[in-house]
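S.K.: Just dropping this structure here.
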Amino acid sequence: MDNEFEVNENITFEADEPVALFNKWLKLAEEKEPVNPNAMAVATANADGRPSVRMLLLKGVDERGFVFYTNSESQKGEDLAANQRASLCFYWKSMRREVRVDGPVEKVSVEEADAYFDSRSRGSQIGAWASKQSQPLESRFELEKRIAKYTAKFHIGKVPRPDFWEGYRVKHEKVEFWAEKSFRLHDRFVFIRTDSGWQSERLYP
C-alpha cells in the first residue's frame with residue numbers, strides 16, 4: 001500500500017454507536033489538522049426543497065446530536081425554520097477521512113445557548129449583535145459603525161446573548177464513516193438508528 005494511505009491501513013469501525021467512533025476520529029483530527037479540525041459543511045433546504053450548504057464549526061457532540069450556533073435570521077436559520085432537517089459533512093484532508101451525518105434538527109435549550117455564548121470572546125459577542133447575518137451590506141463601513149455602536153452599548157459588564165443567536169442540534173439518525181484507500185477501494189461504514197438501537201453495515205466504495 002502507498003505510504004500516503006498508511007494512516008488508514010489498519011482502520012477499524014468497531015463501535016456500538018457512532019458518537020464514540022466520531023469522537024475518536026475528531027481527537028485524531030485535532031492532532032493532525034492545522035486549522036479548524038471541527039469544521040463541517042452544513043446542508044439545509046428551504047420550504048421548496050432548494051438546498052444550500054456552507055462551512056461552520058462543530059461546537060458540541062454527544063448522544064443527543066451534533067451542535068452548532070448561528071443567527072436564526074440568517075439563511076440557514078430560515079431554512080431550518082421551514083425544513084427541520086440537515087446534513088453535515090466533515091472532511092479531514094490530512095487523515096483522508098470523512099464523516100457524514102443526517103437527521104432532524106432541534107434548537108438547544110436557552111441554558112445551553114447562554115452558556116456557550118458566555119464562553120465566546122467579547123469581540124465575537126459584539127459581532128453577533130452587530131451582524132445582520134445574510135442580509136445585504138451597503139459597505140464595510142456600515143458594519144464597522146454597528147460594531148462601534150454595540151461596543152459602546154455594552155462597554156461595561158456582561159454582553160447578553162441576542163434572542164436571534166441560537167444553537168441547533170442535528171439529532172443524528174444516520175452516520176457514515178469513510179476512509180480513503182488505494183485504487184479508490186475506500187472503506188465505508190454506516191450506522192443507522194432504529195427503534196431497537198443502532199444498526200451498522202459496511203458499504204461498497
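Chain labels A, B, ... are given in the sequence in which chains occur in the C-alpha cells; within each chain residues are numbered consecutively from 1, and ligands are likewise numbered from 1 in the order shown.
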Let's see if you can do this: from backbone DSSP, list all strand (DSSP E) residues in region 30-151 of chain A, as an MDAnalysis selection string.
M.R.: chainID A and resid 39:45 51:57 60:62 65:71 85:92 97:107
S.K.: Among region 7-120 of chain A, which ones does DSSP place in helix (DSSP H, G or I), written as number ranges by chain?
M.R.: A: 7-8, 18-32, 75-82, 110-119
S.K.: Could you tell me how far CA of Leu143 (chain A) sits from CA of Val159 (chain A), in Å to one decimal place?
M.R.: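 We find that CA of Val159 (chain A) and CA of Leu143 (chain A) lie 18.4 Å from each other.
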S.K.: With only C-alpha atoms as the basis for distance, which of A:Met95, A:Cys89, A:Ala29, A:Val19 is at the shortest distance from Gly60 (chain A)?
M.R.: A:Val19
S.K.: Considering only C-alpha atoms, return as a PyMOL selection string whatever protein or nucleic-acid residues lie within 12 Å of Glu112 (chain A), sequence-local ones (same chain, fewer than 2 positions apart) excluded.
M.R.: chain A and resi 59-60+67-69+107-110+114-119+161+165-169
